[in-house]
Amino acid sequence: MEKLLKSKNLRATPFRLEVLTIFGKYENAIEMSTIESELGNFDRITLYRTIKSFIQAGVVHEIHVNGDSKKFALCAEGCENLHHQHDHIHFHCTVCQETFCLDTVEMPSLNHPTFTISSFDIQAQGICESCN
Ligand SMILES: [Zn+2]
Ligand SMILES: [Zn+2]
Ligand SMILES: [Zn+2]
């Protein structure tokens with residue numbers, strides 16, 4: 001975890017490491033409230049700043065689920081300085097309401113004659129492994 005922060009040019013503060021460890025515990029994308037309850041005692045502003053710096057450095061990415069609720073998940077390699085490059089889809093389980101980053105699905109390449117597409121987000125819905 002410390003190495004990950006250093007590779008993204010972030011100082012490995014105890015709080016950042018603590019937040020990152022929480023991400024590491026979950027296989028699915030997590031909400032801010034999940035992080036908050038895992039932390040127990042924390043300063044909300046510090047937490048929001050930490051998440052923001054993680055997003056900016058390419059450590060985590062934000063996922064908008066069904067347009068309203070926001071979740072966060074660890075990035076794979078290749079994300080840095082707001083250039084998030086994800087070759088994965090966001091899978092939302094309609095039973096447990098959890099969201100997962102799925103890497104194993106082959107991504108389509110999107111091209112448009114006049115619009116330059118720099119990134120896109122594919123959301124899929126269905127039933128996850130443990131609910132199936
Ligand atoms: Zn990313
Ligand atoms: Zn599920
Ligand atoms: Zn993702």
# chains A, B, ... in the order shown; residues from 1 in each chain; ligands from 1

$ residues_near_ligand --ligand "ligand 3" --cutoff "7 Å" --atoms "only C-alpha atoms and all ligand atoms" --output "list of chain:residue names"
A:His61, A:Ile63, A:Ala73, A:Cys75, A:His86, A:His88, A:Ile89, A:His90, A:Phe100, A:Cys101

$ write_last_selection --atoms "C-alpha atoms" --output "PDB file, in the first residue's frame"
ATOM      1  CA  HIS A  61     -11.902   6.037  -9.299  1.00  0.00           C
ATOM      2  CA  ILE A  63     -18.338   5.198 -10.089  1.00  0.00           C
ATOM      3  CA  ALA A  73     -12.913   1.502  -6.213  1.00  0.00           C
ATOM      4  CA  CYS A  75      -7.671   1.685  -9.873  1.00  0.00           C
ATOM      5  CA  HIS A  86     -10.027   1.600 -17.335  1.00  0.00           C
ATOM      6  CA  HIS A  88     -13.234  -2.712 -17.349  1.00  0.00           C
ATOM      7  CA  ILE A  89     -16.957  -2.479 -16.926  1.00  0.00           C
ATOM      8  CA  HIS A  90     -18.886  -1.582 -13.812  1.00  0.00           C
ATOM      9  CA  PHE A 100     -17.851  -4.494  -9.018  1.00  0.00           C
ATOM     10  CA  CYS A 101     -15.078  -3.621 -11.462  1.00  0.00           C
TER      11      CYS A 101
END

$ closest_atom_pairs --of "range 20-130 of chain A" --to "range 6-13 of chain A" --cutoff "8 Å" --atoms "only C-alpha atoms" --output "CSV"
residue,atom,partner,partner_atom,distance
A:Ala57,CA,A:Lys8,CA,5.8
A:Gly58,CA,A:Lys8,CA,7.2
A:Val59,CA,A:Lys8,CA,7.3
A:Glu80,CA,A:Lys8,CA,7.0

$ write_last_selection --atoms "C-alpha atoms" --output "PDB file, in the first residue's frame"
ATOM      1  CA  ALA A  57      -3.460  10.682  -8.431  1.00  0.00           C
ATOM      2  CA  GLY A  58      -5.142   7.699 -10.078  1.00  0.00           C
ATOM      3  CA  VAL A  59      -5.334   5.556  -6.966  1.00  0.00           C
ATOM      4  CA  GLU A  80      -2.451   8.766 -13.138  1.00  0.00           C
TER       5      GLU A  80
END

$ residues_near_ligand --ligand "ligand 2" --cutoff "8 Å" --atoms "only C-alpha atoms and all ligand atoms" --output "MDAnalysis selection string"
chainID A and resid 92:98 127:132

$ write_last_selection --atoms "N, CA and C atoms" --output "mmCIF file, in the first residue's frame"
data_model
loop_
_atom_site.group_PDB
_atom_site.id
_atom_site.type_symbol
_atom_site.label_atom_id
_atom_site.label_comp_id
_atom_site.auth_asym_id
_atom_site.auth_seq_id
_atom_site.Cartn_x
_atom_site.Cartn_y
_atom_site.Cartn_z
ATOM 1 N N HIS A 92 -23.244 -3.867 -11.733
ATOM 2 C CA HIS A 92 -24.103 -3.610 -10.573
ATOM 3 C C HIS A 92 -25.014 -4.808 -10.355
ATOM 4 N N CYS A 93 -24.922 -5.379 -9.151
ATOM 5 C CA CYS A 93 -25.763 -6.544 -8.845
ATOM 6 C C CYS A 93 -27.128 -6.057 -8.374
ATOM 7 N N THR A 94 -28.157 -6.534 -9.022
ATOM 8 C CA THR A 94 -29.513 -6.071 -8.698
ATOM 9 C C THR A 94 -30.045 -6.737 -7.428
ATOM 10 N N VAL A 95 -29.349 -7.760 -6.945
ATOM 11 C CA VAL A 95 -29.796 -8.439 -5.725
ATOM 12 C C VAL A 95 -29.152 -7.808 -4.485
ATOM 13 N N CYS A 96 -27.827 -7.778 -4.430
ATOM 14 C CA CYS A 96 -27.150 -7.242 -3.239
ATOM 15 C C CYS A 96 -26.803 -5.760 -3.377
ATOM 16 N N GLN A 97 -27.044 -5.192 -4.556
ATOM 17 C CA GLN A 97 -26.792 -3.756 -4.805
ATOM 18 C C GLN A 97 -25.322 -3.383 -4.757
ATOM 19 N N GLU A 98 -24.439 -4.366 -4.829
ATOM 20 C CA GLU A 98 -23.012 -4.056 -4.831
ATOM 21 C C GLU A 98 -22.542 -3.783 -6.255
ATOM 22 N N ILE A 127 -26.706 -10.339 -11.899
ATOM 23 C CA ILE A 127 -26.571 -11.004 -10.614
ATOM 24 C C ILE A 127 -25.128 -11.420 -10.413
ATOM 25 N N CYS A 128 -24.541 -11.010 -9.291
ATOM 26 C CA CYS A 128 -23.133 -11.295 -9.059
ATOM 27 C C CYS A 128 -22.894 -12.744 -8.675
ATOM 28 N N GLU A 129 -21.622 -13.078 -8.577
ATOM 29 C CA GLU A 129 -21.203 -14.446 -8.298
ATOM 30 C C GLU A 129 -21.831 -14.997 -7.022
ATOM 31 N N SER A 130 -21.771 -14.204 -5.938
ATOM 32 C CA SER A 130 -22.246 -14.761 -4.674
ATOM 33 C C SER A 130 -23.769 -14.789 -4.574
ATOM 34 N N CYS A 131 -24.462 -13.968 -5.360
ATOM 35 C CA CYS A 131 -25.925 -13.995 -5.336
ATOM 36 C C CYS A 131 -26.501 -15.033 -6.290
ATOM 37 N N ASN A 132 -25.649 -15.491 -7.188
ATOM 38 C CA ASN A 132 -26.129 -16.416 -8.204
ATOM 39 C C ASN A 132 -26.417 -17.801 -7.640
#

$ select_by_dssp --residues "chain A" --states "alpha helix (DSSP H)" --output "PyMOL selection string"
chain A and resi 2-7+14-25+32-39+44-57

$ closest_residue --among "A:Glu2, A:Glu106, A:Glu27, A:Glu77" --to "ligand 1" --atoms "only C-alpha atoms and all ligand atoms"
A:Glu77

$ closest_residue --among "A:Gly78, A:Ala29, A:Gly24, A:Phe15" --to "Arg49 in chain A" --atoms "only C-alpha atoms"
A:Phe15

$ closest_residue --among "A:Ala124, A:Leu74, A:Leu102, A:Ile117" --to "Lys25 in chain A" --atoms "only C-alpha atoms"
A:Leu74

$ residues_around --residues "Met1 in chain A" --least-positions-apart "2" --cutoff "8 Å" --atoms "only C-alpha atoms" --output "list in words"
Lys3, Leu4, Leu5, Leu17, Leu20 and Thr21 of chain A

$ write_last_selection --atoms "C-alpha atoms" --output "PDB file, in the first residue's frame"
ATOM      1  CA  LYS A   3       4.520   1.499  -2.422  1.00  0.00           C
ATOM      2  CA  LEU A   4       1.317   2.229  -4.298  1.00  0.00           C
ATOM      3  CA  LEU A   5       1.095   5.709  -2.801  1.00  0.00           C
ATOM      4  CA  LEU A  17      -2.677   4.205   4.414  1.00  0.00           C
ATOM      5  CA  LEU A  20      -6.268   2.573   1.345  1.00  0.00           C
ATOM      6  CA  THR A  21      -6.281  -0.520   3.545  1.00  0.00           C
TER       7      THR A  21
END
